[in-house]
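The next block is coords-v3.txt, given as compact mmCIF, C-alpha atoms.
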```txt
# COMPACT_ATOMS: atom_id res chain seq x y z
CA MET E 1136 0.00 0.00 0.00
CA THR E 1137 1.33 3.44 -0.87
CA PRO E 1138 0.27 6.85 0.42
CA ALA E 1139 -1.61 7.40 -2.84
CA ALA E 1140 -3.75 4.38 -2.00
CA ALA E 1141 -4.46 5.52 1.53
CA ARG E 1142 -7.99 6.41 2.55
CA LYS E 1143 -8.39 10.19 2.70
CA VAL E 1144 -10.40 11.98 5.39
CA ALA E 1145 -10.73 15.68 4.65
CA THR E 1146 -11.94 17.03 7.99
CA GLY E 1147 -9.97 15.16 10.65
CA LEU E 1148 -10.06 12.07 12.80
CA PRO E 1149 -13.25 10.05 12.94
CA LYS E 1150 -15.42 10.98 15.92
CA GLY E 1151 -14.19 9.57 19.21
CA PHE E 1152 -10.58 9.02 18.10
CA VAL E 1153 -7.58 10.54 19.87
CA HIS E 1154 -3.80 10.17 19.94
CA PRO E 1155 -3.25 8.92 23.53
CA ALA E 1156 -0.58 9.86 26.03
CA GLU E 1157 2.52 7.68 26.06
CA TRP E 1158 2.00 6.43 29.62
CA GLU E 1159 -1.38 4.93 28.72
CA PRO E 1160 -1.41 1.16 28.07
CA HIS E 1161 0.34 -0.09 24.93
CA ASP E 1162 -0.32 -3.05 22.72
CA ALA E 1163 3.27 -2.78 21.51
CA THR E 1164 6.36 -0.66 21.00
CA TRP E 1165 7.78 -0.28 17.50
CA LEU E 1166 11.54 -0.15 16.89
CA GLY E 1167 13.57 0.05 13.70
CA TRP E 1168 16.58 -2.25 13.96
CA PRO E 1169 19.77 -0.15 13.51
CA VAL E 1170 20.77 -1.29 10.03
CA ASN E 1171 22.14 2.02 8.73
CA ALA E 1172 25.72 2.16 10.03
CA ARG E 1173 26.03 5.71 8.67
CA ASP E 1174 23.77 6.88 11.49
CA TRP E 1175 26.59 6.04 13.91
CA PRO E 1176 29.79 6.37 11.85
CA GLY E 1177 32.65 4.68 13.64
CA LYS E 1178 30.40 3.71 16.57
CA HIS E 1179 27.85 1.34 15.07
CA GLY E 1180 29.34 -1.79 16.65
CA PRO E 1181 27.78 -1.45 20.13
CA ILE E 1182 24.43 -0.08 18.95
CA PRO E 1183 22.63 -3.44 18.37
CA TRP E 1184 23.61 -4.47 21.91
CA VAL E 1185 22.03 -1.30 23.29
CA TYR E 1186 18.88 -2.26 21.40
CA GLY E 1187 19.09 -5.68 23.02
CA GLU E 1188 18.86 -4.04 26.45
CA ILE E 1189 15.96 -1.86 25.33
CA VAL E 1190 14.00 -4.84 24.02
CA ARG E 1191 14.79 -6.88 27.15
CA HIS E 1192 13.06 -4.34 29.36
CA LEU E 1193 10.16 -3.47 27.04
CA ALA E 1194 9.26 -7.07 26.22
CA GLU E 1195 8.49 -7.74 29.88
CA GLY E 1196 5.31 -5.69 29.53
CA GLU E 1197 4.27 -5.57 25.86
CA LYS E 1198 4.96 -6.75 22.36
CA VAL E 1199 8.03 -5.28 20.70
CA ARG E 1200 7.56 -4.96 16.94
CA ILE E 1201 10.88 -4.61 15.18
CA ILE E 1202 11.30 -3.40 11.61
CA VAL E 1203 14.04 -5.21 9.66
CA PRO E 1204 14.83 -5.14 5.93
CA ASP E 1205 15.29 -8.87 5.36
CA ALA E 1206 15.58 -12.38 6.79
CA ALA E 1207 19.31 -12.09 7.40
CA THR E 1208 18.85 -9.02 9.60
CA GLU E 1209 16.03 -10.72 11.47
CA LYS E 1210 18.32 -13.67 12.16
CA SER E 1211 21.19 -11.51 13.45
CA ALA E 1212 18.81 -9.39 15.54
CA THR E 1213 17.31 -12.52 17.08
CA LEU E 1214 20.79 -13.67 18.05
CA VAL E 1215 21.47 -10.36 19.80
CA LEU E 1216 18.13 -10.48 21.62
CA ARG E 1217 18.67 -14.07 22.70
CA LYS E 1218 22.08 -13.22 24.15
CA ALA E 1219 20.54 -10.23 25.89
CA HIS E 1220 17.89 -12.55 27.46
CA ALA E 1221 15.02 -10.63 25.91
CA ARG E 1222 11.63 -12.30 26.07
CA LEU E 1223 11.47 -13.50 22.46
CA ALA E 1224 7.86 -14.66 22.79
CA ASN E 1225 6.95 -10.95 22.90
CA VAL E 1226 9.06 -9.97 19.88
CA GLU E 1227 7.64 -9.72 16.36
CA PHE E 1228 9.58 -8.83 13.22
CA PHE E 1229 8.22 -6.90 10.25
CA ARG E 1230 10.23 -6.88 7.04
CA PHE E 1231 9.94 -3.37 5.62
CA PRO E 1232 12.64 -1.57 3.63
CA THR E 1233 13.71 1.60 5.43
CA ASP E 1234 16.33 4.32 5.08
CA ARG E 1235 17.05 4.87 8.77
CA GLY E 1236 15.95 3.49 12.12
CA TRP E 1237 14.47 6.46 13.97
CA THR E 1238 11.02 5.01 14.53
CA ARG E 1239 9.66 7.94 16.54
CA ASP E 1240 9.67 10.00 13.37
CA MET E 1241 9.19 7.57 10.49
CA GLY E 1242 7.23 4.83 12.30
CA PRO E 1243 3.46 4.42 12.58
CA ILE E 1244 1.50 7.03 14.55
CA PHE E 1245 -1.78 5.70 15.94
CA ALA E 1246 -5.12 7.10 16.99
CA VAL E 1247 -7.66 5.05 18.94
CA ASN E 1248 -11.30 5.05 19.92
CA ARG E 1249 -11.36 2.90 23.03
CA LYS E 1250 -15.13 2.96 23.43
CA ALA E 1251 -15.49 1.50 19.95
CA ARG E 1252 -12.32 -0.61 20.37
CA LYS E 1253 -10.90 0.67 17.11
CA ALA E 1254 -7.55 2.04 15.93
CA VAL E 1255 -6.25 3.74 12.81
CA VAL E 1256 -2.77 4.53 11.52
CA LEU E 1257 -2.20 8.21 10.74
CA ASN E 1258 -0.30 8.50 7.48
CA PHE E 1259 1.68 11.65 8.22
CA ARG E 1260 4.39 12.30 5.64
CA PHE E 1261 8.05 11.97 6.61
CA ASN E 1262 10.65 13.92 4.62
CA GLY E 1263 13.91 13.27 6.48
CA TRP E 1264 13.39 16.21 8.86
CA ALA E 1265 13.51 18.46 5.78
CA LYS E 1266 17.26 17.92 5.85
CA TYR E 1267 18.40 14.49 4.64
CA PRO E 1268 17.77 13.04 1.16
CA ASN E 1269 17.27 9.40 2.20
CA TRP E 1270 13.65 9.22 3.32
CA LYS E 1271 11.56 7.79 0.48
CA LYS E 1272 11.44 4.28 1.97
CA ASP E 1273 10.82 5.63 5.46
CA THR E 1274 7.78 7.65 4.46
CA LEU E 1275 6.02 4.43 3.37
CA THR E 1276 6.34 2.83 6.82
CA HIS E 1277 2.94 4.06 8.03
CA ALA E 1278 1.20 2.42 5.10
CA ARG E 1279 3.18 -0.82 5.41
CA ALA E 1280 2.45 -1.06 9.13
CA ALA E 1281 -1.27 -0.44 8.60
CA LYS E 1282 -1.41 -3.17 5.98
CA ALA E 1283 0.52 -5.64 8.16
CA LEU E 1284 -1.75 -4.97 11.15
CA GLY E 1285 -4.96 -4.90 9.13
CA LEU E 1286 -5.77 -1.38 10.32
CA PRO E 1287 -7.31 1.51 8.37
CA LEU E 1288 -4.81 4.02 7.02
CA VAL E 1289 -5.92 7.64 7.26
CA THR E 1290 -3.90 10.35 5.53
CA PRO E 1291 -3.98 13.64 7.46
CA GLU E 1292 -4.42 16.64 5.16
CA HIS E 1293 -4.66 20.36 5.71
CA ARG E 1294 -5.31 22.96 3.03
CA GLY E 1295 -5.33 20.16 0.48
CA ARG E 1296 -1.83 18.87 1.35
CA GLN E 1297 -0.58 15.80 3.15
CA ILE E 1298 0.87 16.97 6.47
CA VAL E 1299 4.52 16.44 7.35
CA LEU E 1300 4.82 15.63 11.06
CA GLU E 1301 7.34 13.62 13.07
CA GLY E 1302 6.46 11.99 16.37
CA GLY E 1303 9.40 13.72 18.09
CA ALA E 1304 7.97 17.13 17.22
CA ILE E 1305 5.01 16.67 19.58
CA ASP E 1306 4.15 15.40 23.03
CA THR E 1307 0.59 15.05 24.29
CA ASN E 1308 -1.24 14.45 27.55
CA GLY E 1309 -3.98 12.51 25.77
CA ARG E 1310 -6.61 14.87 27.19
CA GLY E 1311 -6.48 17.62 24.59
CA THR E 1312 -3.13 19.38 24.99
CA VAL E 1313 -0.07 19.06 22.81
CA LEU E 1314 3.46 20.42 23.33
CA THR E 1315 5.61 21.53 20.40
CA THR E 1316 8.21 24.16 19.43
CA GLU E 1317 8.21 27.12 17.11
CA GLU E 1318 11.73 26.28 15.98
CA CYS E 1319 10.64 22.93 14.57
CA LEU E 1320 7.26 23.76 13.03
CA LEU E 1321 7.19 27.51 12.39
CA ASP E 1322 10.69 28.42 11.19
CA PRO E 1323 10.15 29.88 7.69
CA ALA E 1324 13.71 29.30 6.48
CA GLN E 1325 15.36 26.22 8.03
CA GLN E 1326 14.16 22.62 7.72
CA VAL E 1327 10.67 23.72 6.74
CA ARG E 1328 8.23 20.82 7.01
CA ASN E 1329 5.04 22.43 5.73
CA PRO E 1330 5.86 25.56 3.71
CA GLY E 1331 3.36 28.35 4.26
CA PHE E 1332 1.73 26.80 7.32
CA THR E 1333 1.18 29.24 10.19
CA ARG E 1334 0.67 28.79 13.90
CA THR E 1335 -3.08 28.68 13.26
CA ASP E 1336 -2.62 25.99 10.61
CA MET E 1337 -0.59 23.75 12.93
CA GLU E 1338 -3.05 24.22 15.77
CA ALA E 1339 -5.82 23.09 13.42
CA VAL E 1340 -3.71 20.05 12.50
CA PHE E 1341 -3.33 19.11 16.17
CA LYS E 1342 -7.02 19.59 16.87
CA ASN E 1343 -8.25 17.71 13.82
CA TRP E 1344 -5.71 14.90 13.68
CA LEU E 1345 -4.52 14.34 17.25
CA GLY E 1346 -7.67 15.25 19.16
CA ALA E 1347 -5.73 18.08 20.84
CA PRO E 1348 -7.49 21.46 20.57
CA ASN E 1349 -5.03 23.09 22.99
CA THR E 1350 -1.41 23.78 21.91
CA ILE E 1351 1.44 24.91 24.16
CA TRP E 1352 4.18 26.50 22.05
CA LEU E 1353 7.75 26.46 23.30
CA GLY E 1354 10.54 28.34 21.55
CA ARG E 1355 13.81 26.61 20.67
CA GLY E 1356 15.18 23.13 21.23
CA ILE E 1357 18.59 22.07 22.51
CA ALA E 1358 22.04 22.38 20.98
CA GLY E 1359 23.14 19.52 18.74
CA ASP E 1360 19.62 18.52 17.71
CA ASP E 1361 19.70 18.12 13.94
CA THR E 1362 15.89 17.87 13.80
CA HIS E 1363 15.81 21.64 14.44
CA GLY E 1364 13.87 21.75 17.67
CA HIS E 1365 12.12 18.48 18.53
CA VAL E 1366 10.21 18.87 21.78
CA ASP E 1367 11.05 15.36 23.02
CA ASP E 1368 14.55 16.56 23.90
CA LEU E 1369 13.38 19.34 26.18
CA CYS E 1370 9.84 19.02 27.60
CA ARG E 1371 7.61 15.99 28.21
CA PHE E 1372 4.29 15.24 29.85
CA VAL E 1373 4.57 12.73 32.71
CA ASN E 1374 0.87 12.83 33.66
CA PRO E 1375 -2.14 14.85 32.44
CA THR E 1376 -1.18 17.97 34.39
CA THR E 1377 2.62 17.77 34.83
CA VAL E 1378 5.60 18.22 32.53
CA VAL E 1379 9.32 17.81 33.06
CA LEU E 1380 11.42 20.55 31.51
CA ALA E 1381 15.11 20.26 30.75
CA MET E 1382 16.99 23.11 32.45
CA GLU E 1383 20.62 24.15 31.97
CA ARG E 1384 22.21 25.53 35.15
CA ASP E 1385 25.40 26.85 33.56
CA SER E 1386 24.64 30.40 32.42
CA GLN E 1387 27.55 30.23 29.97
CA ASP E 1388 26.14 27.22 28.12
CA VAL E 1389 24.40 27.78 24.78
CA ASN E 1390 21.30 25.97 26.09
CA TYR E 1391 20.85 28.27 29.08
CA ALA E 1392 18.92 31.16 27.48
CA PRO E 1393 16.49 29.14 25.30
CA LEU E 1394 15.64 26.77 28.15
CA GLN E 1395 15.05 29.70 30.50
CA GLU E 1396 12.72 31.21 27.92
CA ASN E 1397 10.81 27.94 27.65
CA ARG E 1398 10.43 27.96 31.44
CA GLU E 1399 8.88 31.43 31.26
CA ARG E 1400 6.49 30.31 28.54
CA LEU E 1401 5.30 27.43 30.69
CA ARG E 1402 4.55 29.79 33.59
CA SER E 1403 1.73 31.31 31.57
CA ALA E 1404 0.69 28.16 29.69
CA ARG E 1405 -2.70 26.59 30.32
CA LEU E 1406 -4.05 23.10 29.91
CA GLU E 1407 -7.15 22.20 27.92
CA ASP E 1408 -9.39 22.96 30.93
CA GLY E 1409 -7.75 26.33 31.61
CA SER E 1410 -5.73 25.13 34.60
CA LYS E 1411 -2.01 25.75 35.09
CA LEU E 1412 0.68 23.21 34.35
CA LYS E 1413 2.88 21.77 37.06
CA VAL E 1414 6.49 22.05 35.86
CA VAL E 1415 9.26 19.86 37.28
CA GLU E 1416 12.80 20.82 36.31
CA LEU E 1417 15.08 18.12 34.95
CA PRO E 1418 18.83 18.81 34.82
CA MET E 1419 20.79 18.78 31.61
CA PRO E 1420 23.94 16.66 31.43
CA ARG E 1421 27.24 18.39 30.81
CA PRO E 1422 27.96 18.97 27.10
CA LEU E 1423 28.50 15.62 25.41
CA MET E 1424 31.06 15.84 22.60
CA PHE E 1425 32.36 13.32 20.08
CA ASP E 1426 34.80 14.00 17.27
CA GLY E 1427 34.40 17.75 17.82
CA VAL E 1428 30.61 17.64 17.53
CA ARG E 1429 28.16 18.52 20.31
CA LEU E 1430 25.48 15.85 20.65
CA PRO E 1431 21.83 16.34 21.70
CA ALA E 1432 22.15 14.70 25.11
CA SER E 1433 19.03 15.12 27.25
CA TYR E 1434 17.35 13.12 29.99
CA ALA E 1435 14.01 14.29 28.57
CA ASN E 1436 14.42 11.78 25.74
CA PHE E 1437 13.05 8.97 27.93
CA TYR E 1438 10.50 6.39 26.76
CA ILE E 1439 7.50 5.23 28.79
CA GLY E 1440 6.83 1.51 28.30
CA ASN E 1441 4.22 -0.63 30.01
CA ALA E 1442 6.76 -2.33 32.29
CA ALA E 1443 9.41 0.39 32.67
CA VAL E 1444 10.41 3.94 31.91
CA LEU E 1445 13.68 3.85 29.99
CA VAL E 1446 15.94 6.87 30.58
CA PRO E 1447 19.19 7.78 28.78
CA PRO E 1448 22.15 8.31 31.16
CA PHE E 1449 25.42 9.73 29.81
CA ASN E 1450 28.13 8.78 32.34
CA ASP E 1451 27.48 12.19 33.86
CA PRO E 1452 27.26 13.47 37.46
CA HIS E 1453 23.66 14.50 36.80
CA ASP E 1454 22.57 10.97 35.80
CA ARG E 1455 21.60 9.99 39.34
CA GLU E 1456 19.64 13.18 39.95
CA ALA E 1457 17.67 12.82 36.71
CA LEU E 1458 16.86 9.17 37.38
CA GLY E 1459 15.74 10.10 40.90
CA ILE E 1460 13.42 12.86 39.70
CA LEU E 1461 11.77 10.59 37.15
CA SER E 1462 11.49 7.75 39.68
CA GLU E 1463 9.49 10.06 41.95
CA LEU E 1464 7.17 10.98 39.09
CA PHE E 1465 6.60 7.44 37.79
CA ARG E 1466 5.62 5.47 40.88
CA ASP E 1467 3.71 2.79 38.95
CA ARG E 1468 6.66 1.32 37.03
CA PRO E 1469 10.45 1.16 37.47
CA VAL E 1470 12.73 3.78 35.96
CA VAL E 1471 15.68 2.13 34.22
CA GLY E 1472 18.80 3.70 32.77
CA ILE E 1473 19.94 2.56 29.30
CA HIS E 1474 23.49 3.69 28.48
CA ALA E 1475 23.15 6.35 25.77
CA VAL E 1476 26.59 7.83 25.11
CA ASP E 1477 26.96 5.73 21.96
CA LEU E 1478 23.32 6.18 20.91
CA ALA E 1479 23.65 9.97 21.06
CA TRP E 1480 26.22 9.90 18.24
CA GLY E 1481 23.23 9.18 15.99
CA PHE E 1482 21.74 12.52 17.17
CA GLY E 1483 19.00 10.82 19.15
CA THR E 1484 18.45 8.39 22.00
CA LEU E 1485 15.65 6.27 23.49
CA HIS E 1486 12.53 8.23 22.64
CA CYS E 1487 13.77 9.00 19.14
CA LEU E 1488 14.16 5.33 18.22
CA SER E 1489 10.85 4.03 19.64
CA HIS E 1490 7.14 4.54 19.05
CA GLU E 1491 4.22 3.25 21.10
CA GLN E 1492 1.20 1.45 19.68
CA PRO E 1493 -1.58 2.29 22.14
CA ALA E 1494 -3.90 -0.40 23.40
CA VAL E 1495 -7.38 -0.33 21.95
CA GLY E 1496 -9.19 -1.97 24.85
```
What's the structure tokens form of this structure?
Amino acid sequence: MTPAAARKVATGLPKGFVHPAEWEPHDATWLGWPVNARDWPGKHGPIPWVYGEIVRHLAEGEKVRIIVPDAATEKSATLVLRKAHARLANVEFFRFPTDRGWTRDMGPIFAVNRKARKAVVLNFRFNGWAKYPNWKKDTLTHARAAKALGLPLVTPEHRGRQIVLEGGAIDTNGRGTVLTTEECLLDPAQQVRNPGFTRTDMEAVFKNWLGAPNTIWLGRGIAGDDTHGHVDDLCRFVNPTTVVLAMERDSQDVNYAPLQENRERLRSARLEDGSKLKVVELPMPRPLMFDGVRLPASYANFYIGNAAVLVPPFNDPHDREALGILSELFRDRPVVGIHAVDLAWGFGTLHCLSHEQPAVG
């Protein structure tokens, strides 16, 4: 199935559908096996073993659906997972050709109607973050996943155009509020996803296609982020009324001013019912460098699975503090650190490489 064959809905999601919060129950987590060594040049060797640890923890509480290009990759991935003692009974492989493995952005985005016990796949377009040329296989992943799962494929459109939207550009509380950044979605000159779209246009997209009529706009993202401002590196919902916000304490660091500005924006932000947000500050690690390049290291790039919250530590003095803060916020499941120094060389960590499939029931 190709995007051209996808069912079109002109006005928005069918009645009763919503894109849920990440902490709500999952049927599965989707991962793209790290087959593109160019995403981690010179450091690809340990990456599959990091994935093995990720799958080991996630598979304790849900299915883990892994995208691989062929039988040979499935075989080698299975060997890694077996050695990592992952629960293979909860692992499923899907053979789709892809360009990269960052499933948060190119993988299937779901909406559900739990009263009707129905789900759809939202066929947002992916264009390599409006930066990289290798994305034409990735942008078909939504359609391939919908076909494999036997789910309807709905192509979100606005002003007669298919909408470009990556999962890392948004975070939602599942009750009607979405977080995003102006840098990612409103910059008129750099990495422009939807040329000509205004703030009002994007707010209509969120209302019509995510079930989120309330948008909280932050300003800029963190240094080193080659997505140009993804919100999942700086601010995340942890329950319907609370967010964690990455905060840089060193006033000389390039992240200090934009993160302070985001804190001020959240002071005046309101939830869908008009109430104030609770904001919990999350430290930033010290600058993480490799080969002269600053990497987008952030504890906010955690992933909430059914059985555990996976958090990226960076061999940094702030690791323990960040894990402690998140452990206090997520009392219903353990908070587990997954070593992310090597992952970050791909310009993303745990949240960037995963995507939840919400439970329908």
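With all atoms listed in the file taken into account, every residue lying no more than 10 Å from the file point (20.2, 21.2, 16.7) is included here: E:Glu1318, E:Cys1319, E:Arg1355, E:Gly1356, E:Ile1357, E:Ala1358, E:Gly1359, E:Asp1360, E:Asp1361, E:Thr1362, E:His1363, E:Gly1364, E:His1365, E:Arg1429, E:Leu1430, E:Pro1431, E:Phe1482.
With distances restricted to all atoms listed in the file, E:Pro1375 is the closest residue to Lys1413 of chain E from E:Gly1427, E:Pro1204, E:Pro1375, E:Pro1452.
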task: Kindly indicate which residue among E:Leu1288, E:Val1476, E:Met1241, E:Ala1304 lies nearest to Asp1273 of chain E, using only C-alpha atoms for the distances.
output: E:Met1241
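Separating atom CA of Val1203 of chain E from atom CA of Ala1265 of chain E is a distance of 24.0 Å.
Contact shell of segment 1344-1347 of chain E at 8 Å (all atoms listed in the file; same-chain neighbours under 2 positions omitted): Gly1147, Leu1148, Phe1152, Val1153, His1154, Ala1246, Pro1291, Thr1307, Gly1309, Arg1310, Gly1311, Thr1312, Val1313, Val1340, Phe1341, Lys1342, Asn1349 and Thr1350 of chain E.
Shell of Arg1421 of chain E at 10 Å, with only C-alpha atoms counted and residues fewer than 2 places along the chain excluded, is Glu1383, Arg1384, Asp1385, Asp1388, Pro1418, Met1419, Leu1423, Met1424, Ala1432, Ser1433, Phe1449, Asn1450, Asp1451, Pro1452 and His1453 of chain E.
When atom CA of Arg1466 of chain E is paired with atom CA of Ala1254 of chain E, their separation reads 28.4 Å.
The closest residue to Glu1159 of chain E, picked from E:Thr1377, E:Asn1343, E:Ser1386, E:Asn1308 and counting only C-alpha atoms, is E:Asn1308.
Using all atoms listed in the file, the residues found no farther than 10 Å from His1474 of chain E, other than those of its own chain fewer than 3 positions away, are Val1185, Glu1188, Ile1189, Leu1445, Val1446, Pro1447, Pro1448, Phe1449, Asn1450, Val1471, Asp1477, Leu1478, Ala1479, Thr1484 and Leu1485 of chain E.
Pairwise distance (atom CA of Val1444 of chain E, atom CA of Val1470 of chain E) equals 4.7 Å.
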message: Can you pull out the residues contacting Gly1187 of chain E? Cut-off 12 Å, using all atoms listed in the file, and skip same-chain residues under 3 positions away; I want them as an MDAnalysis selection string.
response: chainID E and resid 1166 1168:1169 1181:1184 1190:1194 1199 1201 1211:1223 1226 1473:1474
